[in-house]
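protein-v6.cif follows; it contains mmCIF, C-alpha atoms and all ligand atoms.
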```cif
data_query
loop_
_atom_site.label_atom_id
_atom_site.label_comp_id
_atom_site.auth_asym_id
_atom_site.auth_seq_id
_atom_site.Cartn_x
_atom_site.Cartn_y
_atom_site.Cartn_z
CA MET C 44 0.00 0.00 0.00
CA ALA C 45 1.50 3.32 -1.09
CA ASP C 46 0.93 6.55 0.86
CA MET C 47 -0.74 8.58 -1.86
CA ILE C 48 -1.81 8.45 -5.50
CA ILE C 49 -2.57 11.47 -7.66
CA LYS C 50 -4.48 10.52 -10.79
CA ASN C 51 -6.05 12.01 -13.93
CA ALA C 52 -3.58 14.91 -13.98
CA TYR C 53 -1.90 16.65 -16.87
CA ILE C 54 1.65 16.06 -15.63
CA LEU C 55 4.40 18.50 -16.48
CA THR C 56 7.22 16.20 -15.37
CA MET C 57 10.10 18.59 -16.33
CA ASP C 58 12.00 15.33 -16.95
CA PRO C 59 13.53 15.88 -20.40
CA SER C 60 13.48 12.16 -21.18
CA VAL C 61 9.73 11.90 -20.55
CA GLY C 62 8.13 15.29 -21.28
CA ASP C 63 4.49 15.90 -20.42
CA ILE C 64 2.05 13.09 -19.62
CA GLU C 65 -1.44 14.10 -20.68
CA ASN C 66 -3.44 11.86 -18.37
CA GLY C 67 -1.03 10.57 -15.78
CA VAL C 68 -0.65 9.15 -12.33
CA VAL C 69 1.96 9.61 -9.61
CA VAL C 70 2.46 7.22 -6.71
CA ILE C 71 4.06 8.55 -3.50
CA GLU C 72 5.66 6.46 -0.77
CA ASN C 73 7.95 7.45 2.12
CA GLY C 74 8.25 11.03 0.91
CA MET C 75 9.44 9.98 -2.54
CA ILE C 76 7.99 9.40 -5.98
CA LYS C 77 7.59 5.64 -6.29
CA GLU C 78 6.04 5.56 -9.73
CA ILE C 79 5.03 7.95 -12.47
CA GLY C 80 3.28 7.08 -15.71
CA THR C 81 -0.08 6.62 -17.42
CA SER C 82 -1.42 3.93 -15.05
CA THR C 83 -0.48 2.00 -11.89
CA GLN C 84 -1.20 -1.30 -10.17
CA CYS C 85 -0.64 0.32 -6.77
CA SER C 86 -3.32 1.32 -4.33
CA ALA C 87 -3.01 3.94 -1.61
CA GLU C 88 -4.78 5.22 1.48
CA LYS C 89 -5.16 8.65 -0.05
CA VAL C 90 -6.15 9.28 -3.66
CA ILE C 91 -6.32 12.76 -5.18
CA ASP C 92 -8.24 13.17 -8.41
CA ALA C 93 -6.54 15.99 -10.33
CA LYS C 94 -8.82 16.04 -13.36
CA GLY C 95 -8.66 19.37 -15.15
CA SER C 96 -5.51 20.37 -13.26
CA VAL C 97 -1.79 20.42 -13.90
CA LEU C 98 0.55 18.44 -11.65
CA MET C 99 4.10 19.78 -11.72
CA PRO C 100 7.25 20.01 -9.59
CA GLY C 101 6.88 22.72 -6.94
CA LEU C 102 8.84 25.92 -7.56
CA ILE C 103 12.18 26.63 -5.89
CA ASN C 104 12.89 30.13 -4.59
CA THR C 105 16.68 30.37 -4.56
CA HIS C 106 17.14 33.74 -2.87
CA CYS C 107 15.08 34.95 0.05
CA HIS C 108 15.25 36.67 3.41
CA ALA C 109 12.07 35.05 4.73
CA GLY C 110 12.11 36.87 8.07
CA MET C 111 11.89 40.17 6.18
CA THR C 112 8.29 39.39 5.32
CA ILE C 113 7.53 41.30 8.53
CA PHE C 114 8.85 44.38 6.62
CA ARG C 115 6.57 43.98 3.58
CA GLY C 116 5.93 47.50 2.28
CA TYR C 117 7.89 49.11 5.11
CA ALA C 118 10.45 51.12 3.10
CA ASP C 119 9.69 51.43 -0.61
CA ASP C 120 11.01 53.53 -3.49
CA MET C 121 14.64 54.05 -2.45
CA GLN C 122 18.21 53.47 -3.63
CA LEU C 123 19.59 50.16 -2.34
CA GLN C 124 22.32 51.77 -0.24
CA ASP C 125 19.95 54.28 1.36
CA TRP C 126 17.32 51.56 1.79
CA LEU C 127 19.72 49.16 3.55
CA GLU C 128 21.86 51.58 5.58
CA ASN C 129 19.24 54.11 6.67
CA HIS C 130 16.09 52.01 6.87
CA ILE C 131 16.44 48.22 6.80
CA TRP C 132 19.56 47.73 8.92
CA PRO C 133 18.41 50.07 11.74
CA ALA C 134 15.02 48.33 11.72
CA GLU C 135 16.66 44.88 11.74
CA ALA C 136 18.61 45.88 14.84
CA GLN C 137 15.24 46.02 16.64
CA LEU C 138 14.11 42.55 15.55
CA THR C 139 13.62 39.89 18.18
CA ASP C 140 13.47 36.10 17.87
CA GLU C 141 9.70 36.37 17.98
CA ASP C 142 9.57 38.88 15.09
CA ILE C 143 11.73 36.67 12.88
CA TYR C 144 9.67 33.63 13.78
CA ALA C 145 6.43 35.46 12.96
CA GLY C 146 7.86 36.87 9.70
CA THR C 147 9.17 33.50 8.57
CA ARG C 148 5.91 31.73 9.41
CA LEU C 149 4.14 34.33 7.27
CA ALA C 150 6.68 33.71 4.48
CA CYS C 151 6.18 29.93 4.68
CA LEU C 152 2.43 30.39 4.55
CA GLU C 153 2.70 32.57 1.45
CA MET C 154 5.14 30.19 -0.23
CA ILE C 155 3.03 27.10 0.45
CA ARG C 156 0.00 28.99 -0.89
CA SER C 157 1.80 30.04 -4.08
CA GLY C 158 3.41 26.70 -4.95
CA THR C 159 6.95 27.05 -3.63
CA ILE C 160 8.30 23.79 -2.16
CA ALA C 161 11.79 24.97 -1.20
CA PHE C 162 13.72 28.18 -0.64
CA ALA C 163 17.26 29.37 0.03
CA ASP C 164 17.49 31.87 2.86
CA MET C 165 20.06 34.23 4.33
CA TYR C 166 19.08 36.13 7.46
CA ILE C 167 19.59 36.88 11.15
CA HIS C 168 18.16 34.95 14.15
CA GLU C 169 18.34 32.02 11.71
CA ASN C 170 17.54 29.48 14.45
CA LYS C 171 14.02 30.89 14.47
CA VAL C 172 13.84 30.64 10.69
CA ALA C 173 14.79 26.97 10.98
CA GLN C 174 12.17 26.37 13.66
CA ALA C 175 9.46 27.95 11.49
CA VAL C 176 10.54 25.90 8.45
CA ASP C 177 10.55 22.71 10.51
CA GLU C 178 7.00 23.34 11.69
CA ALA C 179 5.60 24.56 8.36
CA GLY C 180 6.73 21.42 6.51
CA ILE C 181 8.48 23.26 3.66
CA ARG C 182 12.05 22.50 2.47
CA ALA C 183 14.89 25.03 2.79
CA ALA C 184 18.61 25.73 2.51
CA LEU C 185 19.26 28.12 5.38
CA SER C 186 22.18 30.38 6.23
CA TYR C 187 22.98 32.92 8.90
CA GLY C 188 23.85 36.19 7.10
CA MET C 189 27.35 37.33 8.10
CA ILE C 190 28.89 40.80 7.73
CA ASP C 191 32.30 41.81 9.17
CA PHE C 192 32.96 45.20 7.51
CA GLY C 193 36.71 44.48 7.92
CA ASP C 194 36.49 44.23 11.72
CA LYS C 195 38.49 41.18 12.91
CA GLU C 196 36.58 40.77 16.15
CA LYS C 197 33.24 40.96 14.33
CA ALA C 198 34.56 38.44 11.76
CA ASP C 199 35.34 35.91 14.51
CA LYS C 200 31.95 36.39 16.09
CA GLU C 201 30.04 36.10 12.81
CA LEU C 202 31.88 32.97 11.68
CA LYS C 203 31.27 31.38 15.06
CA GLU C 204 27.55 32.05 14.81
CA GLY C 205 27.38 30.90 11.16
CA SER C 206 29.25 27.76 12.04
CA ALA C 207 27.11 26.95 15.09
CA PHE C 208 24.01 27.32 12.93
CA VAL C 209 25.40 24.98 10.25
CA LYS C 210 26.22 22.32 12.84
CA GLU C 211 22.93 22.58 14.69
CA TRP C 212 20.56 22.44 11.74
CA ASN C 213 22.16 20.59 8.82
CA GLY C 214 19.98 17.66 7.74
CA LYS C 215 17.30 18.40 10.35
CA ALA C 216 13.49 18.32 9.95
CA ASP C 217 13.47 14.85 8.30
CA GLY C 218 16.19 16.05 5.95
CA ARG C 219 14.13 19.04 4.75
CA ILE C 220 16.65 21.55 6.12
CA ASP C 221 20.09 21.96 4.59
CA THR C 222 22.45 24.64 5.84
CA MET C 223 24.87 26.98 4.07
CA TYR C 224 27.30 29.72 5.01
CA GLY C 225 25.95 33.20 4.22
CA PRO C 226 28.65 35.89 3.82
CA HIS C 227 26.57 38.91 2.81
CA ALA C 228 28.52 40.37 -0.14
CA PRO C 229 32.08 41.17 -1.35
CA ASN C 230 31.63 44.85 -0.41
CA THR C 231 30.39 44.16 3.15
CA CYS C 232 32.74 41.27 3.96
CA SER C 233 36.54 41.56 3.98
CA ARG C 234 38.86 39.53 1.76
CA ASP C 235 40.30 37.65 4.74
CA PHE C 236 36.86 36.86 6.05
CA LEU C 237 35.66 35.49 2.69
CA ILE C 238 38.75 33.25 2.54
CA ARG C 239 38.02 31.90 6.02
CA VAL C 240 34.35 31.31 5.19
CA LYS C 241 35.24 29.34 2.06
CA GLU C 242 37.72 27.18 4.02
CA GLN C 243 35.17 26.49 6.74
CA ALA C 244 32.42 25.67 4.23
CA VAL C 245 34.68 23.19 2.41
CA LYS C 246 35.61 21.63 5.75
CA ASP C 247 31.95 21.34 6.79
CA ASN C 248 30.93 20.18 3.31
CA VAL C 249 28.18 22.79 2.94
CA LYS C 250 27.45 25.39 0.26
CA ILE C 251 27.78 29.19 0.35
CA HIS C 252 25.06 31.78 -0.35
CA ILE C 253 26.23 35.31 -1.17
CA HIS C 254 25.05 38.53 -2.90
CA VAL C 255 27.28 39.42 -5.87
CA LEU C 256 27.34 42.52 -8.08
CA GLU C 257 23.81 43.57 -7.32
CA THR C 258 24.60 47.24 -7.87
CA GLU C 259 26.90 49.46 -9.89
CA ALA C 260 28.02 50.91 -6.54
CA GLU C 261 29.47 47.50 -5.59
CA LEU C 262 31.28 47.28 -8.92
CA ASN C 263 32.81 50.73 -8.41
CA TYR C 264 33.76 49.97 -4.80
CA MET C 265 35.54 46.76 -5.78
CA LYS C 266 37.39 48.45 -8.63
CA GLU C 267 38.51 51.30 -6.39
CA ASN C 268 39.62 49.07 -3.51
CA PHE C 269 40.93 45.99 -5.29
CA GLY C 270 41.44 47.09 -8.90
CA MET C 271 39.00 44.46 -10.15
CA CYS C 272 35.33 43.52 -10.10
CA SER C 273 33.80 41.07 -7.60
CA ILE C 274 33.89 38.17 -10.06
CA HIS C 275 37.65 38.42 -10.61
CA PHE C 276 38.22 39.20 -6.92
CA LEU C 277 36.40 36.02 -5.87
CA LYS C 278 38.23 34.02 -8.55
CA ASP C 279 41.48 35.35 -7.10
CA ILE C 280 40.73 33.87 -3.65
CA ASP C 281 39.56 30.49 -5.08
CA PHE C 282 36.01 31.17 -3.95
CA TRP C 283 34.11 30.07 -7.06
CA GLY C 284 32.71 26.58 -7.61
CA PRO C 285 29.42 24.66 -7.94
CA ASP C 286 29.05 25.06 -4.16
CA ILE C 287 28.37 28.78 -4.57
CA LEU C 288 24.90 30.31 -4.85
CA ALA C 289 25.40 33.89 -6.05
CA ALA C 290 22.37 36.17 -5.87
CA HIS C 291 21.71 38.93 -8.43
CA CYS C 292 24.89 39.03 -10.59
CA VAL C 293 23.60 42.10 -12.42
CA TRP C 294 26.80 43.96 -13.32
CA LEU C 295 28.65 41.32 -15.36
CA SER C 296 31.06 41.74 -18.26
CA ASP C 297 31.29 39.08 -20.98
CA GLY C 298 34.49 37.86 -19.30
CA ASP C 299 32.69 37.54 -15.93
CA ILE C 300 29.98 35.44 -17.57
CA LYS C 301 32.61 33.01 -18.87
CA ILE C 302 34.13 32.70 -15.37
CA LEU C 303 30.78 31.99 -13.69
CA ALA C 304 29.93 29.37 -16.32
CA GLU C 305 33.38 27.77 -16.20
CA TYR C 306 33.29 27.34 -12.40
CA GLY C 307 29.73 26.00 -12.37
CA VAL C 308 28.48 28.81 -10.11
CA ASN C 309 24.72 28.90 -9.46
CA ILE C 310 23.22 32.32 -10.18
CA SER C 311 19.95 33.35 -8.56
CA HIS C 312 18.13 35.86 -10.77
CA ASN C 313 15.75 38.18 -8.84
CA PRO C 314 13.93 40.27 -11.48
CA ASN C 315 11.29 41.95 -9.27
CA SER C 316 13.81 43.10 -6.67
CA ASN C 317 16.27 44.29 -9.33
CA MET C 318 13.52 46.30 -11.02
CA LYS C 319 12.11 47.75 -7.79
CA LEU C 320 15.50 48.87 -6.48
CA ALA C 321 16.53 49.84 -10.03
CA SER C 322 19.67 47.74 -9.59
CA GLY C 323 19.85 46.78 -13.25
CA ILE C 324 19.28 43.68 -15.37
CA CYS C 325 21.08 40.37 -15.00
CA PRO C 326 22.24 39.11 -18.43
CA VAL C 327 20.34 35.85 -18.01
CA SER C 328 20.16 34.78 -21.65
CA LYS C 329 23.91 35.31 -22.12
CA LEU C 330 24.62 33.33 -18.93
CA LEU C 331 22.42 30.46 -20.13
CA ASP C 332 23.97 30.56 -23.63
CA ASN C 333 27.37 30.17 -21.96
CA GLY C 334 26.16 27.14 -20.00
CA ALA C 335 25.80 28.74 -16.55
CA ASN C 336 23.18 27.45 -14.11
CA VAL C 337 20.68 30.29 -13.62
CA CYS C 338 17.79 29.85 -11.20
CA ILE C 339 15.16 32.27 -9.84
CA GLY C 340 14.57 33.96 -6.47
CA THR C 341 12.25 36.59 -5.03
CA ASP C 342 14.67 38.28 -2.60
CA GLY C 343 13.06 39.58 0.62
CA CYS C 344 9.55 40.98 0.89
CA ALA C 345 10.83 44.52 1.51
CA SER C 346 12.14 44.68 -2.07
CA ASN C 347 9.60 42.69 -4.06
CA ASN C 348 6.99 42.84 -2.26
CA ASN C 349 5.69 39.27 -2.41
CA LEU C 350 7.05 35.73 -2.65
CA ASP C 351 5.07 34.60 -5.69
CA MET C 352 7.44 32.56 -7.88
CA PHE C 353 4.88 32.50 -10.72
CA GLU C 354 5.12 36.29 -10.91
CA GLU C 355 8.91 35.99 -10.70
CA MET C 356 8.97 33.59 -13.68
CA ARG C 357 6.85 35.95 -15.76
CA MET C 358 9.04 38.93 -14.89
CA ALA C 359 12.22 36.96 -15.66
CA ALA C 360 10.91 36.21 -19.15
CA LEU C 361 9.57 39.69 -19.91
CA LEU C 362 12.56 41.59 -18.53
CA GLN C 363 15.01 39.55 -20.60
CA LYS C 364 12.96 40.01 -23.76
CA VAL C 365 12.72 43.77 -23.48
CA SER C 366 16.32 44.25 -22.38
CA THR C 367 17.70 42.25 -25.33
CA MET C 368 14.96 43.52 -27.67
CA ASP C 369 14.51 39.88 -28.63
CA PRO C 370 11.14 38.19 -27.89
CA THR C 371 12.58 34.74 -28.63
CA VAL C 372 14.85 34.67 -25.55
CA LEU C 373 13.73 32.84 -22.38
CA PRO C 374 10.70 30.98 -23.75
CA ALA C 375 8.21 29.63 -21.20
CA ARG C 376 9.72 26.13 -20.91
CA LYS C 377 13.17 27.57 -20.29
CA VAL C 378 11.85 29.78 -17.48
CA LEU C 379 10.08 26.80 -15.93
CA GLU C 380 13.38 24.91 -16.01
CA MET C 381 15.05 27.80 -14.17
CA ALA C 382 12.42 27.75 -11.42
CA THR C 383 12.49 23.96 -11.00
CA ILE C 384 15.45 21.91 -12.35
CA ASN C 385 18.05 24.69 -12.10
CA GLY C 386 16.89 25.67 -8.61
CA ALA C 387 17.14 22.07 -7.42
CA LYS C 388 20.66 21.85 -8.83
CA ALA C 389 21.67 25.04 -7.03
CA LEU C 390 20.38 23.73 -3.70
CA GLY C 391 21.63 20.18 -4.31
CA ILE C 392 18.23 18.59 -3.72
CA LYS C 393 16.49 15.78 -5.60
CA SER C 394 13.44 17.89 -6.42
CA GLY C 395 12.50 20.04 -9.44
CA MET C 396 11.44 17.05 -11.56
CA LEU C 397 8.69 14.49 -11.24
CA LYS C 398 10.64 11.28 -11.64
CA GLU C 399 10.90 7.95 -9.85
CA GLY C 400 13.22 8.21 -6.82
CA TYR C 401 12.89 11.99 -6.54
CA ASN C 402 11.43 13.84 -3.55
CA ALA C 403 7.64 14.02 -3.57
CA ASP C 404 7.69 17.84 -3.82
CA MET C 405 4.88 18.85 -6.17
CA ILE C 406 1.95 21.15 -6.75
CA ILE C 407 -1.43 21.00 -8.41
CA VAL C 408 -2.51 24.04 -10.41
CA ASP C 409 -6.21 24.49 -11.09
CA MET C 410 -6.69 25.33 -14.78
CA ASN C 411 -10.49 25.67 -14.61
CA LYS C 412 -10.35 29.46 -14.46
CA ALA C 413 -11.38 32.22 -16.86
CA HIS C 414 -7.85 33.62 -17.08
CA LEU C 415 -6.44 30.17 -17.93
CA THR C 416 -8.95 29.32 -20.65
CA PRO C 417 -8.53 28.00 -23.32
CA VAL C 418 -5.32 25.94 -23.14
CA TYR C 419 -3.12 25.53 -26.20
CA ASP C 420 0.13 25.17 -24.27
CA VAL C 421 0.27 24.45 -20.55
CA ALA C 422 3.81 25.85 -20.11
CA SER C 423 2.77 29.14 -21.68
CA HIS C 424 -0.10 29.55 -19.21
CA LEU C 425 2.06 28.73 -16.18
CA VAL C 426 4.55 31.46 -17.06
CA TYR C 427 2.47 34.13 -18.81
CA ALA C 428 -1.07 33.82 -17.44
CA ALA C 429 -1.11 32.01 -14.09
CA SER C 430 -0.25 33.31 -10.63
CA GLY C 431 0.53 31.70 -7.29
CA LYS C 432 -3.15 32.06 -6.41
CA ASP C 433 -3.99 29.33 -8.93
CA VAL C 434 -2.13 26.70 -6.89
CA GLU C 435 -4.64 24.48 -5.09
CA THR C 436 -2.48 21.75 -3.58
CA THR C 437 1.13 21.75 -2.34
CA ILE C 438 3.00 18.59 -1.34
CA VAL C 439 6.48 18.55 0.24
CA ASN C 440 8.35 15.38 1.20
CA GLY C 441 5.17 13.43 0.51
CA LYS C 442 3.13 15.50 3.01
CA VAL C 443 0.16 17.54 1.88
CA LEU C 444 0.77 21.09 3.18
CA MET C 445 -2.17 22.63 1.33
CA GLU C 446 -5.14 20.79 -0.13
CA GLU C 447 -7.75 22.42 -2.38
CA GLY C 448 -6.79 25.83 -1.09
CA LYS C 449 -6.71 24.97 2.59
CA VAL C 450 -3.34 25.15 4.33
CA LEU C 451 -2.98 22.18 6.67
CA SER C 452 0.45 22.66 8.24
CA LEU C 453 -0.17 26.14 9.67
CA ASP C 454 -3.09 27.91 11.32
CA GLU C 455 -3.45 30.55 8.62
CA GLN C 456 -5.45 33.13 10.60
CA GLU C 457 -3.17 32.81 13.62
CA VAL C 458 -0.05 33.35 11.48
CA ILE C 459 -1.60 36.49 9.95
CA ASP C 460 -2.86 37.87 13.28
CA ILE C 461 0.51 37.40 15.00
CA ALA C 462 2.39 39.02 12.10
CA ILE C 463 0.09 42.06 12.30
CA GLN C 464 0.62 42.33 16.06
CA ARG C 465 4.43 42.04 15.76
CA SER C 466 4.52 44.64 12.99
CA LYS C 467 2.61 47.09 15.21
CA ASP C 468 4.98 46.59 18.13
CA LEU C 469 7.94 46.84 15.79
CA ILE C 470 6.97 50.15 14.24
CA LEU C 471 6.55 51.67 17.73
CA LYS C 472 10.05 50.49 18.67
CA ILE C 473 11.59 51.75 15.42
CA ASN C 474 9.99 55.19 15.73
CA ASN C 475 11.06 55.63 19.32
C1 LIG C 501 21.13 39.17 5.26
C2 LIG C 501 21.08 40.64 5.08
O1 LIG C 501 20.82 40.95 3.71
C3 LIG C 501 20.04 42.10 3.67
N1 LIG C 501 19.36 42.27 2.37
C4 LIG C 501 18.06 42.14 2.09
N2 LIG C 501 17.83 42.41 0.80
C5 LIG C 501 19.02 42.72 0.25
C6 LIG C 501 19.43 43.10 -1.04
N3 LIG C 501 18.58 43.21 -2.05
N4 LIG C 501 20.75 43.38 -1.22
C7 LIG C 501 21.62 43.27 -0.20
N5 LIG C 501 21.29 42.92 1.03
C8 LIG C 501 20.00 42.65 1.26
C9 LIG C 501 19.09 41.90 4.80
O2 LIG C 501 18.45 43.11 5.15
C10 LIG C 501 20.00 41.35 5.89
O3 LIG C 501 20.58 42.38 6.63
ZN ZN C 502 19.05 39.46 -0.94
#
```
Could you quickly redo this structure as structure tokens?
Ligand SMILES: C[C@H]1O[C@@H](n2cnc3c(N)ncnc32)[C@H](O)[C@@H]1O
Ligand SMILES: [Zn+2]
Amino acid sequence: MADMIIKNAYILTMDPSVGDIENGVVVIENGMIKEIGTSTQCSAEKVIDAKGSVLMPGLINTHCHAGMTIFRGYADDMQLQDWLENHIWPAEAQLTDEDIYAGTRLACLEMIRSGTIAFADMYIHENKVAQAVDEAGIRAALSYGMIDFGDKEKADKELKEGSAFVKEWNGKADGRIDTMYGPHAPNTCSRDFLIRVKEQAVKDNVKIHIHVLETEAELNYMKENFGMCSIHFLKDIDFWGPDILAAHCVWLSDGDIKILAEYGVNISHNPNSNMKLASGICPVSKLLDNGANVCIGTDGCASNNNLDMFEEMRMAALLQKVSTMDPTVLPARKVLEMATINGAKALGIKSGMLKEGYNADMIIVDMNKAHLTPVYDVASHLVYAASGKDVETTIVNGKVLMEEGKVLSLDEQEVIDIAIQRSKDLILKINN
């Protein structure tokens, strides 16, 4: 007896050797996909009839600061440096464990609702992020965000905290939580510190999550201080490799693109955040043409201002088309690959594809809607017409976290009420 069977679905497997299955069935056992095809001999305790819906791998958000969801809409319409230094960082100094827990629970709720099965995170009070992820049932690659600003004492303290987090949480929550090191960026972390972080990460056998060349200001800073851009600077200290998840990568030269591709670096493209902060446009199509692994992220809710990966896919496609003045770049299927297969590769998880032996991390999208009718091409609708609100069921590690629009792993109203209360307390503290 299997745990669950989903039948009568249009299955977008994202498995290149199989393609789509028009009327398919998936069998789930022990958190994994046991069988996928057009029929099965298995029976299961739970059977979901997905007639008229699309079953697909859940989306993977590869760059987030989930706790920042408590700051949704708090400081809009500013330059990144002003936004961070004069608004976000002072406000973050006021955050308590409880605020981060409430913000992350809200983020998990929104992600489960909008079809995200896993996310990569870099933030503070990360123990609370891990606790919220554990309870919400979602999958995540978590890191404590470290900044030393060239201060040796601060560097020691940050690395100690990052390291303690890695050791405490790696592989926890039935294997749903992976940990990473999270040095913030090459212009906020010193050269020595970045070298130490890389050594420690290699020793601990975990990956590294970092912001890279998000702004022109970072490019100028690196050139002035080191005579080279962040990509060459990080190459110089042997930082690059397939263990690196680099967020943004907006200000790249053609030579930089070759380096990132050559070293197998994973690049998290965050179109909404880059547009909102007017950071610039990541050369995604050039990166992909050069063989780099580009995935998609939302960034935090104070620069987006939501965690809807469907919206992020659409923006990734449209932004690349208009910036290259070429409507043929980033077609729908390619964008879906970025949000599933490429994201899974970046995080090193066996998700992002519906295939035997892979994690049972999948979503059901209801296509019986006016704005999704008629259907000529399912992939087109998922990228250009659908939104996270069309997701009706979300399954992670074989557990149903949302079914037919009802979230089962969290008390939705309680999560919302607590987030509102914390935000009210927080704004009083910040204004005092
Ligand atoms: C982990 C740290 O990263 C900060 N952070 C959040 N969004 C961005 C961004 N777009 N660029 C750089 N840093 C950011 C958080 O505010 C936190 O301080
Ligand atoms: Zn970020």
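Residue nearest ligand ZN 502 (chain C) within the list C:Asp420, C:Asp454, C:Glu399, C:Glu257: C:Glu257 [criterion: smallest interatomic distance, all atoms listed in the file].
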From (1.7, 5.2, -3.6), in the file's coordinates, out to 8 Å: which residues are reached, counting all atoms listed in the file? Answer as a VMD selection string.
chain C and resid 44 to 48 69 to 72 76 to 78 85 to 87
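Among the candidate residues C:Asp342, C:Asp142, C:Asp92, C:Asp433, the one lying nearest to ligand LIG 501 (chain C) is C:Asp342, with distances computed using all atoms listed in the file.
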CA of Ala161 in chain C to CA of Ile251 in chain C: how many Å, to one decimal?
16.6 Å
Could you list, as a VMD selection string, every residue within 6 Å of range 49-59 of chain C, counting all atoms listed in the file and ignoring same-chain residues fewer than 4 positions away?
chain C and resid 63 to 69 90 to 94 96 to 99 396 to 397
Counting all atoms listed in the file, which residues have an atom no more than 10 Å from (12.3, 16.6, -1.3) in the file's coordinates? Please list them as a compact mmCIF listing (two decimals) with C-alpha atoms, keeping the file's coordinate frame.
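Heads up, here's the output in point-v9.txt:
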```txt
# COMPACT_ATOMS: atom_id res chain seq x y z
CA GLY C 74 8.25 11.03 0.91
CA MET C 75 9.44 9.98 -2.54
CA ILE C 76 7.99 9.40 -5.98
CA GLY C 101 6.88 22.72 -6.94
CA ILE C 160 8.30 23.79 -2.16
CA ALA C 161 11.79 24.97 -1.20
CA ILE C 181 8.48 23.26 3.66
CA ARG C 182 12.05 22.50 2.47
CA ALA C 183 14.89 25.03 2.79
CA ASP C 217 13.47 14.85 8.30
CA GLY C 218 16.19 16.05 5.95
CA ARG C 219 14.13 19.04 4.75
CA ILE C 220 16.65 21.55 6.12
CA ALA C 387 17.14 22.07 -7.42
CA ILE C 392 18.23 18.59 -3.72
CA LYS C 393 16.49 15.78 -5.60
CA SER C 394 13.44 17.89 -6.42
CA GLY C 395 12.50 20.04 -9.44
CA TYR C 401 12.89 11.99 -6.54
CA ASN C 402 11.43 13.84 -3.55
CA ALA C 403 7.64 14.02 -3.57
CA ASP C 404 7.69 17.84 -3.82
CA MET C 405 4.88 18.85 -6.17
CA ILE C 438 3.00 18.59 -1.34
CA VAL C 439 6.48 18.55 0.24
CA ASN C 440 8.35 15.38 1.20
CA GLY C 441 5.17 13.43 0.51
```
Near-ligand residues for ligand LIG 501 (chain C), threshold 7 Å, all atoms listed in the file, as a PyMOL selection string
chain C and resi 108+123+127+131-132+135+165-167+188+227+254+257+316+342-343+346
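Nearest residue to ligand ZN 502 (chain C), choosing from C:Ile103, C:Ile113, C:Leu320, C:Ile300 and counting only C-alpha atoms and all ligand atoms: C:Leu320.
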For Val176 in chain C, please output as an MDAnalysis selection string all residues within 12 Å (counting all atoms listed in the file; exclusion window: fewer than 5 positions along the same chain).
chainID C and resid 109:110 143:152 154:155 160:164 169:171 181:185 212 215:221 439 452:453
Rank nothing, just name the residue among C:Glu196, C:Glu178, C:Asp297, C:Asp247 nearest to Leu444 in chain C, using only C-alpha atoms.
C:Glu178
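Using only C-alpha atoms and all ligand atoms, the shortest contact distance between ligand ZN 502 (chain C) and any of C:Asn104, C:Thr341, C:Asn129, C:Asn315 is found at C:Thr341.
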Using only C-alpha atoms and all ligand atoms, pick whichever of C:Lys398, C:Lys472, C:His252, C:Lys241 has the shortest atom-to-atom distance to ligand ZN 502 (chain C).
C:His252
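Rounded to one decimal, CA of Lys319 in chain C and CA of Ile459 in chain C lie 25.1 Å from each other.
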So how far away is CA of Asp369 in chain C from CA of Ser430 in chain C, in Å?
24.2 Å
